[in-house]
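**Q** This is the structure I have questions about; it appears just below.
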Amino acid sequence: MNTTIESNPLLDRLPAHLRQFIKPQEYSDYSPVNQAVWRYVMRKNVNYLSKVAHHSYLDGLKKTGLEVDSIPNMYGMNRILKEIGWAAVAVDGFIPPNAFMEFQAYNVLVIASDIRQLEHIEYTPAPDIIHEGAGHAPIIANPEYAEYLRRFGEIGCKAISSHKDYEMYEAIRLLSILKEAENTPQSEIDAAEKAVEDLQNNMGELSEMAQIRNLHWWTVEYGLIGTVENPKIYGAGLLSSIGESAWCMTENVTKIPYDISAASQSFDITKLQPQLYVTPDFSYLSLVLEEFANKMALRTGGLSGINKLIHSNALGTIELSTGLQISGVFTNVIADEGKPIYIQTTGKTALSYREKELVGHGTAKHAEGFGSPIGKLVGINLAIEDMSPRDLRAYMITESETVTLEFEGDIIVKGEIITGSRNLHGEIILISLHNCTVTHGETVLFQPEWGIYDMAVGKKVVSAFSGAADVNSFDLILNVPSSKTIKAEKSYERTQLEKLYKSVRAIREGNDHNESLKNIFFELKTEHPKDWLLPVEIIEILKTKNELLLLEQVLIHLVIIKNERPELKKLITDGLELIFENESVN
């Protein structure tokens with residue numbers, strides 16, 4: 001089996017915390033049935049989507065090297081995607097939203113390498129290579145859309161989550177796995193669905209991540225483009241679903257002009273979507289994204305941004321007006337008149353400037369947390385960061401001086417200054433003191449026995465975002481999903497059926513001149529009478545060879561299957577229409 005991960009230069013730039021999600025694409029694990037499922041969906045999609053998809057889709061199929069007849073090989077995809085500035089990696093099902101978006105920021109397409117079962121050929125709630133490869137990959141060949149996707153990832157991975165978002169992610173991942181796996185007891189599916197429903201009903205105020213995930217869903221996954229009266233498909237969820245791509249074009253689905261209100265519209269991954277959003281063009285997507293980003297803590301900072309980080313109970317970063325970045329788990333903020341005057345992290349914390357950790361201020365130095373005042377000194381209009389060397393001497397904020405710094409909001413710092421650190425503009429960003437005491441009213445926030453006190457300098461918090469400023473500051477090789485995708489079990493019956501699929505494929509490709517379609521059909525009809533896709537493939541070859549007698553027998557067999565399994569009627573009819581083109585198929 002292929003146990004290597006094929007690379008291209010873009011993949012070499014990925015940080016370790018993203019690499020942990022990458023797995024090899026075991027191409028030999030794809031069965032002949034898997035290949036037939038891919039081929040059916042792709043033939044059906046190309047035929048139908050040529051009429052209803054944005055023109056970039058068919059253009060992209062050619063540019064990205066996707067073949068209708070074979071599941072794509074990641075090596076081949078990467079070789080071709082490199083030409084349009086992208087790469088692809090294989091992963092195991094859903095990965096955390098922040099990681100998914102960060103991959104996009106690196107111009108890397110995440111592809112769940114499993115493929116849906118034949119029983120779920122029209123739609124699966126689990127991500128698979130049809131959804132990722134045939135849905136996402138072709139459309140990124142459009143430069144305007146590709147830049148939107150990259151920019152979305154760049155902004156989206158900074159969105160702050162609530163502590164419930166990860167619970168929801170795990171619940172949805174488990175539900176998608178159980179619904180896609182064969183022979184899952186209905187009781188387990190019901191329990192998983194109830195868990196998702198309970199979380200959906202108790203999420204509280206939507207976090208930034210929940211809102212931007214909604215935007216992602218209504219654009220990247222389920223977006224329409226053009227006019228409400230005459231939309232075209234560009235969302236990968238629609239492009240990869242032969243059922244929903246047709247359903248979405250009916251009057252059963254409400255079409256809504258796309259705007260920022262979509263951020264508040266939640267979705268149910270397990271059901272057909274009752275409404276979809278229509279963007280006039282790809283450039284408009286970027287306008288809405290920027291409108292949303294302007295409301296994120298990433299750009300607004302302040303007290304609300306810190307509170308979002310505290311509520312998330314996860315690693316986050318604030319950036320001060322000096323450019324100093326503090327990364328850790330924020331647990332407390334003291335505010336005065338709606339402004340933060342003191343912040344506190346708990347546990348490992350790192351200080352950075354321009355996404356690079358400050359020397360000597362990593363998690364080893366700040367292993368127990370970090371606290372600092374923010375703002376201006378009482379009675380002084382000039383903030384510390386704006387003071388010239390002469391100003392600093394005038395206020396005795398220099399090395400070896402023992403100072404009492406009284407900040408607005410009654411934060412008092414007393415101690416002897418050891419040294420200060422400056423940014424590239426010459427502004428003081430950090431002051432270190434010993435024999436230091438920090439108080440807020442009667443509350444002691446730092447005392448001399450705790451060691452050197454490093455005080456951040458900044459008159460305000462200009463940004464707050466998820467994750468670390470410098471990803472190398474923390475060991476982020478964690479948060480791997482707790483659930484694993486479930487592989488189909490092998491059985492004697494399945495193995496024998498796969499051999500028949502393999503033989504038919506070999507005949508179609510001209511690689512087997514000895515096998516008889518008549519014998520294959522007889523064994524199929526006798527041993528696997530419920531299978532419907534292989535008879536369709538056999539008919540395709542028989543029509544080409546003009547073997548009408550056997551073709552008629554296979555058609556009769558399919559009529560029997562349609563009568564016994566009415567839910568397959570449309571799938572069978574659609575497959576036959578691809579073969580007989582304009583001829584009527586009942």
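In the structure tokens, each chain is lettered A, B, ... as it comes, each chain's residues begin at 1, and ligands are numbered from 1 in order of appearance.
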Tell me, counting only C-alpha atoms, for each residue of range 402-515 of chain A within 12 Å of range 522-529 of chain A, which pair of atoms is nearest and how far apart they are in Å to one decimal, in rows ordered by chain and increasing number, as CSV.
**A**
```
residue,atom,partner,partner_atom,distance
A:Tyr492,CA,A:Glu527,CA,11.3
A:Glu493,CA,A:His528,CA,8.2
A:Arg494,CA,A:His528,CA,9.3
A:Thr495,CA,A:His528,CA,11.5
A:Gln496,CA,A:Glu527,CA,9.0
A:Leu497,CA,A:His528,CA,7.2
A:Glu498,CA,A:Leu524,CA,10.6
A:Lys499,CA,A:Leu524,CA,10.5
A:Leu500,CA,A:Leu524,CA,7.6
A:Tyr501,CA,A:Leu524,CA,9.7
A:Ser503,CA,A:Leu524,CA,11.8
A:Val504,CA,A:Leu524,CA,11.3
```
**Q** Could the residues in this selection be written to a file with N, CA and C atoms, as a PDB file, in the first residue's frame?
**A**
```
ATOM      1  N   TYR A 492     -16.893 -12.557   2.509  1.00  0.00           N
ATOM      2  CA  TYR A 492     -16.733 -13.376   1.302  1.00  0.00           C
ATOM      3  C   TYR A 492     -17.637 -12.848   0.188  1.00  0.00           C
ATOM      4  N   GLU A 493     -18.877 -12.510   0.571  1.00  0.00           N
ATOM      5  CA  GLU A 493     -19.821 -12.014  -0.437  1.00  0.00           C
ATOM      6  C   GLU A 493     -19.344 -10.702  -1.052  1.00  0.00           C
ATOM      7  N   ARG A 494     -18.847  -9.785  -0.212  1.00  0.00           N
ATOM      8  CA  ARG A 494     -18.356  -8.501  -0.714  1.00  0.00           C
ATOM      9  C   ARG A 494     -17.143  -8.702  -1.621  1.00  0.00           C
ATOM     10  N   THR A 495     -16.254  -9.593  -1.204  1.00  0.00           N
ATOM     11  CA  THR A 495     -15.041  -9.847  -1.997  1.00  0.00           C
ATOM     12  C   THR A 495     -15.392 -10.400  -3.377  1.00  0.00           C
ATOM     13  N   GLN A 496     -16.349 -11.305  -3.416  1.00  0.00           N
ATOM     14  CA  GLN A 496     -16.745 -11.881  -4.700  1.00  0.00           C
ATOM     15  C   GLN A 496     -17.406 -10.831  -5.601  1.00  0.00           C
ATOM     16  N   LEU A 497     -18.223  -9.956  -5.000  1.00  0.00           N
ATOM     17  CA  LEU A 497     -18.861  -8.895  -5.771  1.00  0.00           C
ATOM     18  C   LEU A 497     -17.811  -7.929  -6.325  1.00  0.00           C
ATOM     19  N   GLU A 498     -16.820  -7.614  -5.516  1.00  0.00           N
ATOM     20  CA  GLU A 498     -15.759  -6.704  -5.969  1.00  0.00           C
ATOM     21  C   GLU A 498     -14.982  -7.302  -7.135  1.00  0.00           C
ATOM     22  N   LYS A 499     -14.819  -8.607  -7.138  1.00  0.00           N
ATOM     23  CA  LYS A 499     -14.140  -9.269  -8.259  1.00  0.00           C
ATOM     24  C   LYS A 499     -14.931  -9.083  -9.553  1.00  0.00           C
ATOM     25  N   LEU A 500     -16.252  -9.155  -9.444  1.00  0.00           N
ATOM     26  CA  LEU A 500     -17.088  -8.952 -10.630  1.00  0.00           C
ATOM     27  C   LEU A 500     -16.961  -7.510 -11.133  1.00  0.00           C
ATOM     28  N   TYR A 501     -16.991  -6.549 -10.208  1.00  0.00           N
ATOM     29  CA  TYR A 501     -16.816  -5.137 -10.594  1.00  0.00           C
ATOM     30  C   TYR A 501     -15.455  -4.943 -11.283  1.00  0.00           C
ATOM     31  N   SER A 503     -13.708  -7.150 -12.907  1.00  0.00           N
ATOM     32  CA  SER A 503     -13.717  -7.775 -14.235  1.00  0.00           C
ATOM     33  C   SER A 503     -14.416  -6.884 -15.259  1.00  0.00           C
ATOM     34  N   VAL A 504     -15.540  -6.295 -14.874  1.00  0.00           N
ATOM     35  CA  VAL A 504     -16.282  -5.423 -15.796  1.00  0.00           C
ATOM     36  C   VAL A 504     -15.457  -4.179 -16.129  1.00  0.00           C
TER      37      VAL A 504
END
```
**Q** How would you write, as a PyMOL selection string, the set of residues in range 210-414 of chain A that DSSP gives as strand (DSSP E)?
**A** chain A and resi 224-226+231-233+254-257+275-279+315-320+324-336+339-353+356-357+369-373+402-407+411-414
**Q** So, counting only C-alpha atoms, which residue among A:Ser352, A:Ser491, A:Thr322, A:Ser466 is closest to Met209 in chain A?
**A**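 Of all the options, A:Ser466 lies closest to Met209 in chain A.
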**Q** At a cut-off of 8 Å, can you tabulate as a Markdown table every residue of range 318-369 of chain A near range 302-314 of chain A together with its closest atom pair and the distance in Å to one decimal, using only C-alpha atoms and ordering rows by chain then number?
**A**
```
| residue | atom | partner | partner_atom | distance |
| --- | --- | --- | --- | --- |
| A:Ile318 | CA | A:Ile306 | CA | 7.3 |
| A:Gly328 | CA | A:Ala314 | CA | 7.9 |
| A:Val329 | CA | A:Ala314 | CA | 5.5 |
| A:Phe330 | CA | A:Ile310 | CA | 5.1 |
| A:Thr331 | CA | A:Ile310 | CA | 5.2 |
| A:Asn332 | CA | A:Ile310 | CA | 6.8 |
| A:Val333 | CA | A:Ile306 | CA | 7.3 |
| A:Ala335 | CA | A:Leu303 | CA | 7.5 |
| A:Gly338 | CA | A:Leu303 | CA | 6.9 |
| A:Lys339 | CA | A:Leu303 | CA | 5.7 |
| A:Pro340 | CA | A:Leu303 | CA | 5.3 |
```
**Q** Can I get the selected residues back with C-alpha atoms, as a compact mmCIF listing (two decimals), in the first residue's frame?
**A**
```
# COMPACT_ATOMS: atom_id res chain seq x y z
CA ILE A 318 -4.23 39.64 22.40
CA GLY A 328 -2.12 31.88 26.43
CA VAL A 329 -5.39 30.82 28.03
CA PHE A 330 -7.01 34.03 29.28
CA THR A 331 -8.85 33.57 32.56
CA ASN A 332 -9.47 37.04 33.96
CA VAL A 333 -9.76 40.70 33.03
CA ALA A 335 -12.18 46.51 33.59
CA GLY A 338 -15.72 49.66 29.80
CA LYS A 339 -11.99 49.36 29.18
CA PRO A 340 -9.62 46.55 30.17
```
**Q** List the neighbours of range 268-273 of chain A out to 12 Å using only C-alpha atoms; skip same-chain residues closer than 6 positions along the sequence, and give me the result as a ChimeraX atom specification.
**A** /A:122-127,168-169,171-173,175-180,189,192-193,196-197,199-201,214,217-218,221-223,237-238,241,243-250,252-255
**Q** What is the CA of Arg150 in chain A-CA of Val228 in chain A distance in Å, reported with one decimal?
**A**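 Computing the Euclidean distance for CA of Arg150 in chain A and CA of Val228 in chain A yields 26.3 Å.
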**Q** Of the candidates A:Gln186, A:Ser327, A:Ser70, A:Asn511, which shows the shortest atom-to-atom distance to Thr346 in chain A, using only C-alpha atoms?
**A**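 Checking each candidate against Thr346 in chain A, we get A:Ser327 as the closest.
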**Q** List the neighbours of Gln35 in chain A out to 8 Å using only C-alpha atoms; skip same-chain residues closer than 3 positions along the sequence, and give me the result as a ChimeraX atom specification.
**A** /A:30-32,38-39,69-71
**Q** List the spatial neighbours of range 261-267 of chain A as a list in words - criterion: any atom at most 7 Å away, only C-alpha atoms, same-chain residues fewer than 4 positions off excluded.
**A**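 Residues meeting the cut-off are Gln211, Ile212, Asn214 and Leu215 of chain A.
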**Q** Wanna dump the range 326-393 of chain A-range 402-414 of chain A contacts at 9 Å for me, each residue with its shortest atom pair and the distance in Å to one decimal, counting only C-alpha atoms, ordered by chain and number, as JSON lines?
**A**
```
{"residue": "A:Ile334", "atom": "CA", "partner": "A:Gly409", "partner_atom": "CA", "distance": 8.8}
{"residue": "A:Ala335", "atom": "CA", "partner": "A:Gly409", "partner_atom": "CA", "distance": 7.6}
{"residue": "A:Asp336", "atom": "CA", "partner": "A:Gly409", "partner_atom": "CA", "distance": 5.6}
{"residue": "A:Glu337", "atom": "CA", "partner": "A:Gly409", "partner_atom": "CA", "distance": 8.4}
{"residue": "A:Ile341", "atom": "CA", "partner": "A:Gly409", "partner_atom": "CA", "distance": 6.4}
{"residue": "A:Tyr342", "atom": "CA", "partner": "A:Ile411", "partner_atom": "CA", "distance": 7.6}
{"residue": "A:Pro373", "atom": "CA", "partner": "A:Ile411", "partner_atom": "CA", "distance": 6.8}
{"residue": "A:Ile374", "atom": "CA", "partner": "A:Phe407", "partner_atom": "CA", "distance": 7.9}
{"residue": "A:Gly375", "atom": "CA", "partner": "A:Phe407", "partner_atom": "CA", "distance": 6.8}
{"residue": "A:Lys376", "atom": "CA", "partner": "A:Phe407", "partner_atom": "CA", "distance": 5.7}
{"residue": "A:Leu377", "atom": "CA", "partner": "A:Phe407", "partner_atom": "CA", "distance": 4.2}
{"residue": "A:Val378", "atom": "CA", "partner": "A:Glu408", "partner_atom": "CA", "distance": 5.1}
{"residue": "A:Gly379", "atom": "CA", "partner": "A:Glu408", "partner_atom": "CA", "distance": 8.5}
```
**Q** Taking only C-alpha atoms into account, which of A:Leu555, A:Met101, A:Leu550, A:Ile115 comes nearest Arg213 in chain A?
**A**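 The shortest atom-to-atom distance to Arg213 in chain A comes from A:Met101.
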